[in-house]
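Colleague: Below you'll find upload-v6.tsv; it's TSV, C-alpha atoms.
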```tsv
chain	number	residue	atom	x	y	z
L	1	MET	CA	99.49	76.09	179.42
L	2	ILE	CA	98.78	75.62	183.15
L	3	LYS	CA	102.52	76.01	183.93
L	4	PHE	CA	102.55	79.21	181.87
L	5	PHE	CA	99.74	80.80	183.93
L	6	ARG	CA	101.31	79.59	187.18
L	7	LYS	CA	104.61	81.21	186.24
L	8	ILE	CA	102.88	84.53	185.58
L	9	ARG	CA	101.21	84.41	189.00
L	10	GLN	CA	104.48	83.60	190.71
L	11	ASN	CA	106.29	86.47	188.97
L	12	LEU	CA	103.60	88.94	189.97
L	13	LEU	CA	103.76	87.85	193.61
L	14	SER	CA	107.55	87.88	193.72
L	15	GLU	CA	107.60	91.40	192.28
L	16	GLY	CA	105.10	92.58	194.91
L	17	LYS	CA	102.48	93.48	192.36
L	18	THR	CA	99.54	92.31	194.48
L	19	GLY	CA	96.98	94.53	192.74
L	20	LYS	CA	97.93	93.24	189.33
L	21	TYR	CA	97.96	89.73	190.72
L	22	LEU	CA	94.38	90.08	191.99
L	23	LYS	CA	93.24	91.46	188.65
L	24	TYR	CA	94.99	88.63	186.86
L	25	ALA	CA	93.46	86.04	189.23
L	26	ILE	CA	89.98	87.46	188.68
L	27	GLY	CA	90.56	87.42	184.94
L	28	GLU	CA	91.69	83.84	185.10
L	29	ILE	CA	88.55	82.89	187.07
L	30	VAL	CA	86.41	84.67	184.48
L	31	LEU	CA	88.15	82.76	181.70
L	32	VAL	CA	87.49	79.48	183.51
L	33	ILE	CA	83.81	80.36	183.97
L	34	VAL	CA	83.48	81.39	180.32
L	35	GLY	CA	85.13	78.14	179.31
L	36	ILE	CA	82.70	76.15	181.42
L	37	ILE	CA	79.72	78.04	179.97
L	38	ILE	CA	80.97	77.43	176.43
L	39	ALA	CA	81.49	73.74	177.17
L	40	LEU	CA	77.98	73.47	178.62
L	41	GLN	CA	76.54	75.24	175.60
L	42	ILE	CA	78.35	72.88	173.24
L	43	ASN	CA	77.15	69.90	175.27
L	44	ASN	CA	73.58	71.21	175.25
L	45	TRP	CA	73.79	71.80	171.51
L	46	ASN	CA	75.04	68.26	170.95
L	47	GLN	CA	72.31	66.81	173.16
L	48	ASP	CA	69.67	68.87	171.38
L	49	ARG	CA	71.02	67.73	167.99
L	50	LEU	CA	70.90	64.09	169.08
L	51	THR	CA	67.37	64.54	170.43
L	52	GLN	CA	66.19	66.16	167.21
L	53	ASN	CA	67.79	63.35	165.19
L	54	ARG	CA	65.90	60.79	167.30
L	55	ILE	CA	62.66	62.73	166.87
L	56	GLU	CA	63.19	62.89	163.10
L	57	SER	CA	63.73	59.12	163.06
L	58	ARG	CA	60.56	58.62	165.12
L	59	LEU	CA	58.59	60.88	162.79
L	60	MET	CA	59.73	58.76	159.85
L	61	ASN	CA	58.45	55.68	161.70
L	62	LEU	CA	55.22	57.56	162.47
L	63	ILE	CA	54.66	58.07	158.75
L	64	GLY	CA	54.89	54.29	158.30
L	65	ASP	CA	52.37	53.75	161.12
L	66	VAL	CA	49.88	56.20	159.63
L	67	GLU	CA	50.27	54.75	156.12
L	68	ASN	CA	49.46	51.29	157.53
L	69	GLU	CA	46.45	52.78	159.29
L	70	VAL	CA	45.21	54.28	156.02
L	71	GLU	CA	45.35	50.81	154.44
L	72	GLU	CA	43.35	49.42	157.35
L	73	MET	CA	40.79	52.22	156.98
L	74	ASP	CA	40.26	51.31	153.33
L	75	GLU	CA	39.73	47.65	154.25
L	76	VAL	CA	37.17	48.49	156.94
L	77	LYS	CA	35.41	50.91	154.59
L	78	GLU	CA	35.13	48.20	151.95
L	79	SER	CA	33.60	45.83	154.48
L	80	ALA	CA	31.08	48.48	155.52
L	81	LYS	CA	30.19	49.20	151.87
L	82	LEU	CA	29.40	45.54	151.22
L	83	ARG	CA	27.08	45.39	154.22
L	84	ILE	CA	25.39	48.59	153.10
L	85	ILE	CA	24.78	47.12	149.62
L	86	ILE	CA	23.28	43.90	151.02
L	87	ILE	CA	21.13	45.54	153.69
L	88	HIS	CA	19.97	48.18	151.23
L	89	GLU	CA	18.75	45.47	148.86
L	90	ILE	CA	16.99	43.56	151.67
L	91	LEU	CA	15.20	46.69	152.88
L	92	LYS	CA	14.36	47.78	149.34
L	93	ARG	CA	12.63	44.48	148.62
L	94	ASN	CA	10.65	44.95	151.82
L	95	ASP	CA	9.66	48.53	150.92
L	96	LYS	CA	11.63	49.93	153.88
L	97	ILE	CA	14.03	52.21	152.01
L	98	LYS	CA	11.90	55.33	151.84
L	99	SER	CA	10.82	55.02	155.44
L	100	ILE	CA	14.44	55.36	156.63
L	101	GLY	CA	15.33	58.09	154.15
L	102	TRP	CA	17.62	56.09	151.86
L	103	PRO	CA	17.74	56.49	148.06
L	104	ASP	CA	16.40	53.69	145.88
L	105	SER	CA	19.87	52.91	144.52
L	106	ILE	CA	23.39	53.21	145.86
L	107	PRO	CA	26.86	53.17	144.23
L	108	GLY	CA	28.42	49.75	143.80
L	109	LYS	CA	25.13	47.86	143.82
L	110	GLU	CA	26.38	45.63	141.00
L	111	ALA	CA	28.82	44.04	143.49
L	112	ILE	CA	25.90	42.18	145.07
L	113	ASP	CA	25.90	39.72	142.15
L	114	THR	CA	29.44	38.62	143.05
L	115	ILE	CA	28.68	37.89	146.72
L	116	ARG	CA	28.24	34.15	147.23
L	117	ASN	CA	27.09	34.26	150.84
L	118	PRO	CA	25.45	37.56	151.84
L	119	ASN	CA	24.69	36.15	155.29
L	120	ARG	CA	28.42	35.92	156.00
L	121	ILE	CA	28.89	39.55	154.97
L	122	LEU	CA	26.22	40.62	157.46
L	123	SER	CA	28.09	38.90	160.29
L	124	ALA	CA	31.63	39.83	159.23
L	125	LEU	CA	31.88	43.20	160.96
L	126	SER	CA	35.25	44.92	160.56
L	127	THR	CA	36.35	47.61	162.97
L	128	PHE	CA	39.35	49.91	162.98
L	129	ASP	CA	42.10	48.93	165.41
L	130	GLY	CA	44.78	51.49	164.63
L	131	ASN	CA	48.51	51.16	165.17
L	132	ARG	CA	50.34	53.56	167.46
L	133	PRO	CA	53.69	52.11	168.63
L	134	THR	CA	55.67	55.15	167.52
L	135	TYR	CA	53.22	57.61	169.06
L	136	ASN	CA	53.35	55.69	172.35
L	137	GLU	CA	57.16	55.74	172.24
L	138	LEU	CA	57.15	59.51	171.69
L	139	ILE	CA	54.79	60.05	174.63
L	140	ASN	CA	56.44	57.59	177.03
L	141	SER	CA	59.95	58.89	176.32
L	142	GLY	CA	58.84	62.51	176.68
L	143	GLU	CA	60.32	63.29	173.27
L	144	PHE	CA	56.92	64.25	171.89
L	145	TYR	CA	57.01	67.43	173.98
L	146	THR	CA	60.38	68.44	172.50
L	147	ILE	CA	58.91	68.64	168.98
L	148	ARG	CA	59.28	72.30	168.13
L	149	ASN	CA	56.52	72.55	165.55
L	150	GLU	CA	53.41	73.23	167.64
L	151	THR	CA	51.12	72.76	164.63
L	152	LEU	CA	52.55	69.30	164.03
L	153	LYS	CA	52.17	68.33	167.68
L	154	ARG	CA	48.55	69.46	167.66
L	155	LYS	CA	47.80	67.51	164.47
L	156	ILE	CA	49.34	64.33	165.87
L	157	GLN	CA	47.35	64.61	169.09
L	158	ASN	CA	44.13	65.42	167.24
L	159	TYR	CA	44.63	62.49	164.87
L	160	TYR	CA	45.04	59.91	167.60
L	161	GLY	CA	42.21	61.54	169.52
L	162	SER	CA	40.01	61.02	166.44
L	163	ILE	CA	41.05	57.35	166.35
L	164	ASP	CA	39.97	56.93	169.98
L	165	GLU	CA	36.59	58.55	169.25
L	166	LEU	CA	36.05	56.30	166.22
L	167	ARG	CA	36.93	53.15	168.15
L	168	ASP	CA	34.56	54.12	170.98
L	169	ALA	CA	31.75	54.70	168.47
L	170	GLU	CA	32.40	51.36	166.78
L	171	ARG	CA	32.47	49.52	170.10
L	172	TRP	CA	29.25	50.98	171.48
L	173	ASN	CA	27.33	51.18	168.20
L	174	ASN	CA	28.52	48.90	165.38
L	175	GLN	CA	29.71	46.00	167.52
L	176	GLU	CA	26.66	46.04	169.79
L	177	THR	CA	24.24	46.07	166.84
L	178	SER	CA	26.21	43.37	165.01
L	179	LEU	CA	25.97	41.09	168.05
L	180	LYS	CA	22.21	41.67	168.22
L	181	ILE	CA	21.82	40.74	164.54
L	182	ARG	CA	23.84	37.55	165.06
L	183	SER	CA	21.69	36.64	168.03
L	184	THR	CA	18.49	37.26	166.07
L	185	LYS	CA	19.70	35.16	163.15
L	186	GLU	CA	20.49	32.29	165.51
L	187	ARG	CA	16.99	32.61	166.95
L	188	LEU	CA	15.63	32.40	163.43
L	189	GLY	CA	17.67	29.27	162.74
L	190	ILE	CA	20.51	30.75	160.69
L	191	GLY	CA	24.08	30.64	161.98
L	192	ALA	CA	26.28	33.71	161.83
L	193	PHE	CA	28.29	32.43	158.85
L	194	SER	CA	26.08	29.68	157.46
L	195	LYS	CA	24.98	29.71	153.83
L	196	ALA	CA	21.88	31.82	153.15
L	197	THR	CA	20.70	33.42	149.94
L	198	LEU	CA	19.63	37.01	149.59
L	199	ASP	CA	16.05	35.86	149.00
L	200	GLU	CA	16.10	33.99	152.30
L	201	LEU	CA	17.35	37.04	154.15
L	202	VAL	CA	14.65	39.17	152.51
L	203	GLU	CA	11.99	36.76	153.77
L	204	LEU	CA	13.44	36.73	157.28
L	205	ALA	CA	13.41	40.52	157.43
L	206	LYS	CA	9.84	40.54	156.11
L	207	ASN	CA	8.51	38.02	158.61
L	208	ASP	CA	10.53	39.07	161.66
L	209	LYS	CA	10.11	42.73	162.58
L	210	GLN	CA	13.02	42.68	165.02
L	211	PHE	CA	15.42	41.46	162.36
L	212	GLY	CA	14.19	44.09	159.92
L	213	ALA	CA	14.52	46.85	162.53
L	214	GLU	CA	18.06	45.76	163.40
L	215	LEU	CA	19.04	45.88	159.74
L	216	GLU	CA	17.66	49.42	159.50
L	217	THR	CA	19.85	50.40	162.44
L	218	GLU	CA	22.88	48.58	161.03
L	219	ILE	CA	22.80	50.26	157.63
L	220	ASN	CA	22.78	53.69	159.23
L	221	LEU	CA	25.65	52.76	161.55
L	222	ASP	CA	27.62	51.33	158.62
L	223	PHE	CA	27.11	54.52	156.67
L	224	THR	CA	28.26	56.58	159.67
L	225	GLN	CA	31.30	54.34	160.12
L	226	ASN	CA	32.16	54.70	156.43
L	227	ARG	CA	31.83	58.47	156.59
L	228	ASN	CA	33.92	58.73	159.79
L	229	LEU	CA	36.63	56.54	158.30
L	230	GLU	CA	36.81	58.71	155.20
L	231	ALA	CA	37.19	61.82	157.38
L	232	LEU	CA	39.88	60.07	159.44
L	233	LYS	CA	41.68	59.03	156.25
L	234	GLN	CA	41.84	62.64	155.06
L	235	GLU	CA	43.15	63.66	158.48
L	236	ALA	CA	45.81	60.93	158.23
L	237	LEU	CA	46.92	62.02	154.75
L	238	ASN	CA	47.15	65.62	155.91
L	239	LEU	CA	49.25	64.53	158.90
L	240	ILE	CA	51.63	62.58	156.66
L	241	LYS	CA	52.04	65.66	154.45
L	242	THR	CA	52.80	67.85	157.48
L	243	ILE	CA	55.36	65.39	158.88
L	244	LYS	CA	57.16	65.12	155.53
L	245	SER	CA	57.26	68.89	155.27
L	246	GLU	CA	58.74	69.14	158.79
L	247	ILE	CA	61.43	66.53	158.10
L	248	LYS	CA	62.32	68.15	154.80
```
Give the structure from the file, written as structure tokens.

Modeller:
Amino acid sequence: MIKFFRKIRQNLLSEGKTGKYLKYAIGEIVLVIVGIIIALQINNWNQDRLTQNRIESRLMNLIGDVENEVEEMDEVKESAKLRIIIIHEILKRNDKIKSIGWPDSIPGKEAIDTIRNPNRILSALSTFDGNRPTYNELINSGEFYTIRNETLKRKIQNYYGSIDELRDAERWNNQETSLKIRSTKERLGIGAFSKATLDELVELAKNDKQFGAELETEINLDFTQNRNLEALKQEALNLIKTIKSEIK
């Protein structure tokens, strides 16, 4: 092909057709430029296709991360519910329920009969850790910003922002109060996980105002944690639905 074009140029020059030669040369240059542009476009298209394939793979992994997080949310919620049931019963027997605005009964109260060591439940605080390897990979690689669906990007960012807010609240509220309760129990002669009956805990809360006040604070924080986790779970499920719709 190159020899063919060279022969045409040589014939034009030998015949003295300089004007035609110049036009031909310009046309040849234009063809080369067009060819380069087409090649670049094909290369860009291939690169974009590869990038989108990687993003789709990452989004599939992100679904797995979020599903694991939902399972963790349910576990933490269950832990909070058990503490609420125990503390509610302690405060009820000390006539403290109405003073803090709680109802006389709560759902799941029957579970208290199956708890062998309520003192352990009070000390066994569970907090939400979260799992974000795929999100971190998307951010660190810069691929997150190539996701074309702006709604999806916003939902992902909002979701992990909600996780950060929840973890901050747990650290400064639930964990701090739980440590205070452990310290108070040690002062009262009961270890964090030692055996203690519900009746014994009721008496401690009755005779020690600090312990009773800390339990009042804890039940409200546990309720807030439970409510925040439920809201986060719904946000997670909505995000999973949006990701699946985008991949489909």

Colleague: I'd like the contact shell of Leu166 in chain L - 10 Å cut-off, only C-alpha atoms, skipping same-chain residues fewer than 5 positions apart - returned as a list in words.

Modeller: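 Surrounding residues, per the criterion: Thr127, Phe128, Asp129, Tyr160, Gly161, Arg171, Gln225, Asn228, Leu229 and Leu232 of chain L.
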
Colleague: Here is a test: counting only C-alpha atoms, which residue of L:Ala231, L:Ile63, L:Leu179, L:Val202 is nearest to Asn131 in chain L?

Modeller: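 Checking each of L:Ala231, L:Ile63, L:Leu179, L:Val202 against Asn131 in chain L, counting only C-alpha atoms, the winner is L:Ile63.
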
Colleague: Find, counting only C-alpha atoms, the residue in L:Arg54, L:Lys233, L:Arg227, L:Lys248 that gets nearest to Gly142 in chain L.

Modeller: L:Arg54

Colleague: Please, which residues are within 12 Å of (54.8, 67.6, 165.9) by the file's coordinates, counting all atoms listed in the file, and could they come as a PyMOL selection string?

Modeller: chain L and resi 52+55-56+58-60+62-63+135+138-139+143-159+239-247

Colleague: Find the residue from L:Ser99, L:Gln41, L:Thr197, L:Asn220 that sits nearest to Ile112 in chain L; use all atoms listed in the file when measuring.

Modeller: L:Thr197

Colleague: Just how far from CA of Gln175 in chain L is CA of Leu221 in chain L, in Å to one decimal?

Modeller: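 Result for CA of Leu221 in chain L versus CA of Gln175 in chain L: 9.9 Å, one decimal.
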
Colleague: For the atom pair CA of Ser178 in chain L and CA of Arg120 in chain L, what is the interatomic distance in Å to one decimal place?

Modeller: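 Interatomic distance here is 11.9 Å.
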
Colleague: If you measure from CA of Leu201 in chain L to CA of His88 in chain L, what distance in Å do you get, rounded to one decimal?

Modeller: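 Separation between CA of Leu201 in chain L and CA of His88 in chain L: 11.8 Å.
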
Colleague: Hey, could you make a per-residue contact list for range 98-140 of chain L against range 82-87 of chain L with 7 Å as the cut-off, showing the nearest pair of atoms and its distance in Å to one decimal, counting only C-alpha atoms, sorted by chain and number, as JSON lines?

Modeller:
```
{"residue": "L:Lys109", "atom": "CA", "partner": "L:Ile85", "partner_atom": "CA", "distance": 5.9}
{"residue": "L:Ile112", "atom": "CA", "partner": "L:Ile86", "partner_atom": "CA", "distance": 6.7}
{"residue": "L:Pro118", "atom": "CA", "partner": "L:Ile86", "partner_atom": "CA", "distance": 6.8}
{"residue": "L:Ile121", "atom": "CA", "partner": "L:Arg83", "partner_atom": "CA", "distance": 6.2}
{"residue": "L:Leu122", "atom": "CA", "partner": "L:Arg83", "partner_atom": "CA", "distance": 5.8}
```

Colleague: Name the residues, using the chain letters and numbers of the file, that sit within 12 Å of (11.8, 49.6, 151.9) when counting all atoms listed in the file, and give them as a list of chain:residue names.

Modeller: L:Ile87, L:His88, L:Glu89, L:Ile90, L:Leu91, L:Lys92, L:Arg93, L:Asn94, L:Asp95, L:Lys96, L:Ile97, L:Lys98, L:Ser99, L:Ile100, L:Gly101, L:Trp102, L:Pro103, L:Asp104, L:Ser105, L:Val202, L:Ala205, L:Lys206, L:Gly212, L:Ala213, L:Leu215, L:Glu216

Colleague: Of the candidates L:Ile115, L:Ala236, L:Ala124, L:Ile38, which one gets nearest to Val76 in chain L if we count all atoms listed in the file?

Modeller: L:Ala124

Colleague: For Leu188 in chain L, find every residue with an atom within 9 Å (counting only C-alpha atoms), except residues of its own chain fewer than 5 positions away, and show them as a CSV table (one decimal) with C-alpha atoms, in the coordinates of the input.

Modeller:
```csv
chain,number,residue,atom,x,y,z
L,183,SER,CA,21.7,36.6,168.0
L,204,LEU,CA,13.4,36.7,157.3
L,208,ASP,CA,10.5,39.1,161.7
```

Colleague: Which residue, L:Asp74, L:Glu218, L:Glu67, L:Glu137, has the smallest gap to Glu176 in chain L when you use only C-alpha atoms?

Modeller: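 That would be L:Glu218, the residue with the smallest distance to Glu176 in chain L.
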
Colleague: Which one of L:Glu186, L:Glu75, L:Glu170, L:Glu235 sits closest to Phe211 in chain L if you count only C-alpha atoms?

Modeller: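 Nearest candidate to Phe211 in chain L out of L:Glu186, L:Glu75, L:Glu170, L:Glu235: L:Glu186.
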
Colleague: As lines of an AutoDock Vina configuration file, please report the centre and edge lengths, rounded to one decimal in Å, of the axis-aligned box that holds all listed atoms of range 54-59 of chain L with 4 Å of padding on each of the six sides.

Modeller:
```
center_x = 62.2
center_y = 60.8
center_z = 165.0
size_x = 15.3
size_y = 12.3
size_z = 12.5
```
